[in-house]
Amino acid sequence: MKIYATYNIKGGVGKTTAAVNLAHLSAADGQRTLLWDLDPQGAASFLFRIKPKVKGGGKALIRGTKTLDGAIKGTDFDHLDLLPADFTYRNMDLLLGGAGRRNTRALAQLLRPLAADYDHVFLDCPPSISLVSENVMHAADSLLVPLIPTTLSVRTLDQLTEFVAGFNGHRPEVRAFFSMVDRRKKLHQEIIHTLSAERTVVTHTTIPSLSLIERMSVERAPVTAFAPRSQAARAFRALWSELRQAPKPRDLPATPRRRPRHCRAVSQDEVRRVRTPGVARRPVLPGCRRPS
Ligand SMILES: Nc1ncnc2c1ncn2[C@@H]1O[C@H](COP(=O)(O)OP(=O)(O)OP(=O)(O)O)[C@@H](O)[C@H]1O
Ligand SMILES: [Mg+2]
């Protein structure tokens with residue numbers, strides 16, 4: 001069972017859109033697929049026409065009084081199940097941090113018994129960096145990070161890469177992709193060109209900004225299902241195909257981009273090299289000052 005999480009600290013970047021379409025493509029390939037809508041907004045549940053309600057709420061799932069298995073619903077698509085959102089998920093951090101201890105492995109433990117039932121699990125995460133996020137890091141094999149091509153997205157990717165690199169224990173691979181791309185915008189072109197050349201975690205495939213993708217909320221279905229031959233569906237198919245392959249090493253450009261003032265971007269390799277086994281605190285990374 002491989003666990004993918006669509007994740008970004010920022011909101012409204014295309015996490016749910018990606019989770020819904022990629023989960024549908026996975027199921028269409030014949031893979032037994034589960035999408036867990038972890039966002040109390042319940043957008044993924046809405047798009048699959050499933051009521052965002054779990055009996056007993058998030059509390060029952062976290063405390064184990066209700067199994068995930070018992071809360072899973074079938075969707076209109078073969079091989080694709082959904083674990084709906086519940087409004088009580090907004091309190092997930094409190095549930096995971098109760099009784100003075102921080103449980104960072106609850107989601108991973110809850111998902112483990114499903115390993116025999118599913119080939120792929122997608123976690124559609126709320127936009128935050130919280131105890132839920134730490135649980136997602138422990139549970140996921142792969143973090144899928146949609147980025148809107150703005151200068152801030154570069155910063156977001158660096159923050160996220162550092163957060164994952166400084167993580168003790170299990171670290172998911174990070175795969176970022178540009179979403180809502182408008183090729184007519186020069187700034188979009190420049191940012192995509194620069195970041196794709198510099199960071200091996202960024203996919204070649206980009207998801208264009210298309211009104212057909214926005215129509216998903218009207219059709220209440222993945223665009224890969226209601227318009228399978230559209231440009232939008234082709235883009236998600238290309239993305240899914242690329243994500244299933246290992247990231248390819250790429251050459252750095254001759255003139256690297258200027259880094260943030262105090263810290264240059266850090267590759268997973270560099271982090272591995274400076275990390276001292278058995279030392280829990282975050283390492284000082286090359287080019288970074290330890291915060292005072
Ligand atoms: N490629 C795209 N082209 C056009 N509109 C898009 C595209 N991707 C997403 N959208 C629209 O942008 C809005 C936000 O997308 P989505 O809900 O997937 O983002 P999100 O990151 O999950 O948001 P949140 O952080 O609130 O969970 C939605 O209305 C969606 O239809
Ligand atoms: Mg969302």
# chains A, B, ... in the order shown; residues from 1 in each chain; ligands from 1
call {"tool": "residues_near_ligand", "arguments": {"ligand": "ligand 2", "cutoff": "8 Å", "atoms": "only C-alpha atoms and all ligand atoms", "output": "list in words"}}
result
Gly11, Gly12, Gly14, Lys15, Thr16, Thr17, Asp39, Gln41, Gly42, Ala43, Ala44, Asp124, Cys125, Pro126 and Pro127 of chain A
call {"tool": "select_by_dssp", "arguments": {"residues": "range 106-239 of chain A", "states": "alpha helix (DSSP H)", "output": "ChimeraX atom specification"}}
result
/A:106-111,131-139,151-165,186-198,211-214,216-219,223-226,231-239
call {"tool": "select_by_dssp", "arguments": {"residues": "range 28-196 of chain A", "states": "strand (DSSP E or B)", "output": "list in words"}}
result
Thr33, Leu34, Leu35, Trp36, Asp37, Lys73, Gly74, Leu80, Asp81, Leu82, Leu83, His120, Val121, Phe122, Leu123, Asp124, Ser142, Leu143, Leu144, Val145, Pro146, Leu147, Glu173, Val174, Arg175, Ala176, Phe177, Phe178 and Val181 of chain A
call {"tool": "residues_around", "arguments": {"residues": "Leu80 in chain A", "least_positions_apart": "2", "cutoff": "8 Å", "atoms": "only C-alpha atoms", "output": "count of residues only"}}
result
13
call {"tool": "atom_distance", "arguments": {"atom1": "CA of Ile207 in chain A", "atom2": "CA of Asp29 in chain A"}}
result
20.3 Å
call {"tool": "residues_around", "arguments": {"residues": "Phe177 in chain A", "least_positions_apart": "3", "cutoff": "6 Å", "atoms": "only C-alpha atoms", "output": "VMD selection string"}}
result
chain A and resid 146 to 147 202 to 203
call {"tool": "closest_residue", "arguments": {"among": "A:Val174, A:Ile148, A:Leu47, A:Val13", "to": "Glu162 in chain A", "atoms": "only C-alpha atoms"}}
result
A:Val174
call {"tool": "residues_around", "arguments": {"residues": "range 164-172 of chain A", "least_positions_apart": "2", "cutoff": "6 Å", "atoms": "only C-alpha atoms", "output": "MDAnalysis selection string"}}
result
chainID A and resid 138 140:142 161:162 282
call {"tool": "decode", "arguments": {"residues": "range 202-238 of chain A", "atoms": "C-alpha atoms", "output": "mmCIF file, in the first residue's frame"}}
result
data_model
loop_
_atom_site.group_PDB
_atom_site.id
_atom_site.type_symbol
_atom_site.label_atom_id
_atom_site.label_comp_id
_atom_site.auth_asym_id
_atom_site.auth_seq_id
_atom_site.Cartn_x
_atom_site.Cartn_y
_atom_site.Cartn_z
ATOM 1 C CA VAL A 202 9.506 19.495 -9.144
ATOM 2 C CA THR A 203 7.795 17.454 -11.846
ATOM 3 C CA HIS A 204 8.045 18.213 -15.576
ATOM 4 C CA THR A 205 4.263 18.033 -15.835
ATOM 5 C CA THR A 206 2.280 21.154 -14.963
ATOM 6 C CA ILE A 207 -1.470 21.517 -14.497
ATOM 7 C CA PRO A 208 -2.884 24.421 -16.507
ATOM 8 C CA SER A 209 -5.469 26.835 -15.202
ATOM 9 C CA LEU A 210 -8.658 25.741 -16.966
ATOM 10 C CA SER A 211 -12.317 26.550 -16.448
ATOM 11 C CA LEU A 212 -13.119 22.866 -17.057
ATOM 12 C CA ILE A 213 -11.235 22.033 -13.837
ATOM 13 C CA GLU A 214 -13.338 24.599 -11.964
ATOM 14 C CA ARG A 215 -16.424 22.844 -13.358
ATOM 15 C CA MET A 216 -15.642 19.853 -11.171
ATOM 16 C CA SER A 217 -17.650 21.509 -8.399
ATOM 17 C CA VAL A 218 -20.667 21.743 -10.750
ATOM 18 C CA GLU A 219 -20.365 18.204 -12.139
ATOM 19 C CA ARG A 220 -19.339 16.866 -8.713
ATOM 20 C CA ALA A 221 -16.917 14.433 -10.339
ATOM 21 C CA PRO A 222 -13.240 14.264 -11.301
ATOM 22 C CA VAL A 223 -12.500 16.001 -14.601
ATOM 23 C CA THR A 224 -10.716 12.785 -15.605
ATOM 24 C CA ALA A 225 -14.153 11.125 -15.381
ATOM 25 C CA PHE A 226 -16.549 13.663 -16.949
ATOM 26 C CA ALA A 227 -14.154 14.945 -19.638
ATOM 27 C CA PRO A 228 -11.576 12.190 -20.097
ATOM 28 C CA ARG A 229 -10.294 13.477 -23.446
ATOM 29 C CA SER A 230 -9.925 17.106 -22.362
ATOM 30 C CA GLN A 231 -6.651 18.978 -21.946
ATOM 31 C CA ALA A 232 -7.309 18.975 -18.189
ATOM 32 C CA ALA A 233 -7.651 15.193 -18.009
ATOM 33 C CA ARG A 234 -4.556 14.726 -20.184
ATOM 34 C CA ALA A 235 -2.554 16.924 -17.813
ATOM 35 C CA PHE A 236 -3.626 14.880 -14.757
ATOM 36 C CA ARG A 237 -2.862 11.618 -16.597
ATOM 37 C CA ALA A 238 0.624 12.893 -17.453
#
